[in-house]
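Visitor: Shown below is the structure under consideration.
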Amino acid sequence: MAEDLIVTRTLVVPAAELSERFSRSSGPGGQGVNTADSRVELSFDLAASPSVPTWLRARMLGRLENRLVNGVLTVTASEHRAQLQNRQAARERMARLLRDAAAAPPPVRRPTKPTRGSQERRIAGKKRRAQTKQGRRGGGWD
């Protein structure tokens with residue numbers, strides 16, 4: 001399954017830059033869980049990758065800084081019983097993480113003032129509420 005990891009149309013991680021490790025999974029699998037190495041760890045050295053442009057690498061490193069260990073992003077998959085399915089799940093998870101990290105930042109919000117009409121509606125609603133509460137107050141019976 002040594003295929004390139006397609007993140008976006010313009011960003012493709014070559015298979016040579018990905019490394020996989022297999023180990024025993026703690027999940028379901030019956031008797032085979034003790035012998036089959038179905039858990040997959042997929043690693044990608046983002047900090048040293050030549051396939052990621054420099055300007056994009058800086059953005060991605062900043063967004064993924066909590067998940068990186070020495071510039072290496074690692075994803076683990078062990079939810080399936082079969083190693084092949086876990087490999088696919090790890091690749092999809094890695095692609096989603098890299099895609100989200102590479103996404104353009106959202107447009108900056110320009111602060112606006114509330115319109116006069118919205119201010120008047122808010123004040124009118126407050127006055128209606130105050131009158132309702134005033135009507136609930138009972139007169140002091142002596």
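How things are named: the first chain in the structure tokens is A, the next is B, and so on; residues count from 1 in each chain; ligands count from 1 in the order shown.
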Which residues in chain A does DSSP call strand (DSSP E or B)? List them as a list of chain:residue names.
Guide: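 Written out, the strand (DSSP E or B) residues of chain A are A:Leu5, A:Ile6, A:Val12, A:Val13, A:Leu18, A:Ser19, A:Glu20, A:Arg21, A:Phe22, A:Ser23, A:Arg39, A:Val40, A:Glu41, A:Leu42, A:Ser43, A:Phe44, A:Asp45, A:Leu68, A:Val69, A:Val72, A:Leu73, A:Thr74, A:Val75, A:Thr76, A:Ala77.
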Visitor: Which parts of range 1-125 of chain A does DSSP call helix (DSSP H, G or I) when run on the backbone here, written out as a ChimeraX atom specification?
Guide: /A:15-17,30-34,54-63,83-102,116-125
Visitor: Using only C-alpha atoms, determine which residues lie at most 9 Å from range 97-110 of chain A, disregarding the query and same-chain residues fewer than 3 positions distant; provide the list as a list in words.
Guide: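 The neighbour list is Val7, Thr8, Leu11, Leu56, Arg57, Arg59, Met60, Leu61, Gly62, Arg63, Leu64, Glu92, Arg93 and Met94 of chain A.
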Visitor: Selected residues, N, CA, C and O atoms, written as a PDB file, in the first residue's frame, please.
Guide:
ATOM      1  N   VAL A   7      -3.503  15.007  -0.085  1.00  0.00           N
ATOM      2  CA  VAL A   7      -4.092  15.873   0.940  1.00  0.00           C
ATOM      3  C   VAL A   7      -5.063  16.843   0.282  1.00  0.00           C
ATOM      4  O   VAL A   7      -6.231  16.912   0.641  1.00  0.00           O
ATOM      5  N   THR A   8      -4.564  17.615  -0.683  1.00  0.00           N
ATOM      6  CA  THR A   8      -5.403  18.508  -1.488  1.00  0.00           C
ATOM      7  C   THR A   8      -4.995  18.319  -2.946  1.00  0.00           C
ATOM      8  O   THR A   8      -4.119  17.505  -3.247  1.00  0.00           O
ATOM      9  N   LEU A  11      -1.357  19.592  -2.825  1.00  0.00           N
ATOM     10  CA  LEU A  11      -0.433  19.029  -1.840  1.00  0.00           C
ATOM     11  C   LEU A  11      -0.563  17.509  -1.817  1.00  0.00           C
ATOM     12  O   LEU A  11      -1.607  16.966  -1.459  1.00  0.00           O
ATOM     13  N   LEU A  56       3.680  27.217   3.396  1.00  0.00           N
ATOM     14  CA  LEU A  56       2.614  26.367   3.918  1.00  0.00           C
ATOM     15  C   LEU A  56       3.094  25.573   5.129  1.00  0.00           C
ATOM     16  O   LEU A  56       2.330  25.344   6.072  1.00  0.00           O
ATOM     17  N   ARG A  57       4.354  25.181   5.115  1.00  0.00           N
ATOM     18  CA  ARG A  57       4.909  24.428   6.235  1.00  0.00           C
ATOM     19  C   ARG A  57       4.832  25.248   7.524  1.00  0.00           C
ATOM     20  O   ARG A  57       4.478  24.718   8.582  1.00  0.00           O
ATOM     21  N   ARG A  59       2.662  27.577   8.336  1.00  0.00           N
ATOM     22  CA  ARG A  59       1.265  27.605   8.789  1.00  0.00           C
ATOM     23  C   ARG A  59       0.876  26.282   9.436  1.00  0.00           C
ATOM     24  O   ARG A  59       0.255  26.232  10.499  1.00  0.00           O
ATOM     25  N   MET A  60       1.258  25.185   8.788  1.00  0.00           N
ATOM     26  CA  MET A  60       0.888  23.861   9.290  1.00  0.00           C
ATOM     27  C   MET A  60       1.583  23.551  10.617  1.00  0.00           C
ATOM     28  O   MET A  60       0.976  22.985  11.528  1.00  0.00           O
ATOM     29  N   LEU A  61       2.852  23.911  10.732  1.00  0.00           N
ATOM     30  CA  LEU A  61       3.576  23.683  11.987  1.00  0.00           C
ATOM     31  C   LEU A  61       2.934  24.469  13.125  1.00  0.00           C
ATOM     32  O   LEU A  61       2.830  23.976  14.250  1.00  0.00           O
ATOM     33  N   GLY A  62       2.482  25.683  12.833  1.00  0.00           N
ATOM     34  CA  GLY A  62       1.828  26.486  13.862  1.00  0.00           C
ATOM     35  C   GLY A  62       0.504  25.894  14.312  1.00  0.00           C
ATOM     36  O   GLY A  62       0.197  25.871  15.512  1.00  0.00           O
ATOM     37  N   ARG A  63      -0.260  25.401  13.366  1.00  0.00           N
ATOM     38  CA  ARG A  63      -1.583  24.845  13.709  1.00  0.00           C
ATOM     39  C   ARG A  63      -1.499  23.473  14.354  1.00  0.00           C
ATOM     40  O   ARG A  63      -2.396  23.086  15.096  1.00  0.00           O
ATOM     41  N   LEU A  64      -0.457  22.724  14.030  1.00  0.00           N
ATOM     42  CA  LEU A  64      -0.329  21.364  14.567  1.00  0.00           C
ATOM     43  C   LEU A  64       0.695  21.253  15.688  1.00  0.00           C
ATOM     44  O   LEU A  64       1.073  20.147  16.068  1.00  0.00           O
ATOM     45  N   GLU A  92      -6.442   8.178   6.070  1.00  0.00           N
ATOM     46  CA  GLU A  92      -7.529   9.155   5.965  1.00  0.00           C
ATOM     47  C   GLU A  92      -7.444  10.185   7.083  1.00  0.00           C
ATOM     48  O   GLU A  92      -7.653  11.380   6.861  1.00  0.00           O
ATOM     49  N   ARG A  93      -7.133   9.713   8.288  1.00  0.00           N
ATOM     50  CA  ARG A  93      -7.008  10.628   9.433  1.00  0.00           C
ATOM     51  C   ARG A  93      -5.848  11.596   9.235  1.00  0.00           C
ATOM     52  O   ARG A  93      -5.951  12.788   9.528  1.00  0.00           O
ATOM     53  N   MET A  94      -4.729  11.092   8.735  1.00  0.00           N
ATOM     54  CA  MET A  94      -3.560  11.940   8.473  1.00  0.00           C
ATOM     55  C   MET A  94      -3.889  12.984   7.408  1.00  0.00           C
ATOM     56  O   MET A  94      -3.561  14.158   7.555  1.00  0.00           O
TER      57      MET A  94
END
Visitor: Would you mind telling me which residue in A:Trp55, A:Ser26, A:Asp45, A:Pro111 lies nearest to Ala77 in chain A when using only C-alpha atoms?
Guide: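 Of A:Trp55, A:Ser26, A:Asp45, A:Pro111, the one nearest Ala77 in chain A is A:Ser26, counting only C-alpha atoms.
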Visitor: Excluding same-chain residues fewer than 6 positions from Thr74 in chain A, what lies within 10 Å of it counting only C-alpha atoms, as a list in words?
Guide: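 Near Thr74 in chain A, the qualifying residues are Leu18, Ser19, Glu20, Glu41, Leu42, Ser43, Phe44, Asp45, Arg67, Leu68, Ala90 and Met94 of chain A.
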Visitor: Mind pulling up the distance from CA of Glu3 in chain A to CA of Ala16 in chain A?
Guide: 8.8 Å
Visitor: Counting only C-alpha atoms, figure out which residue out of A:Ser51, A:Ser38, A:Ser25, A:Thr112 gets nearest to Val13 in chain A.
Guide: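 Of A:Ser51, A:Ser38, A:Ser25, A:Thr112, the one nearest Val13 in chain A is A:Ser51, counting only C-alpha atoms.
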Visitor: Quick one: of A:Thr76, A:Arg128, A:Asn66, A:Ala58, who's nearest to Ser23 in chain A, counting only C-alpha atoms?
Guide: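 Result for the nearest residue to Ser23 in chain A: A:Thr76.
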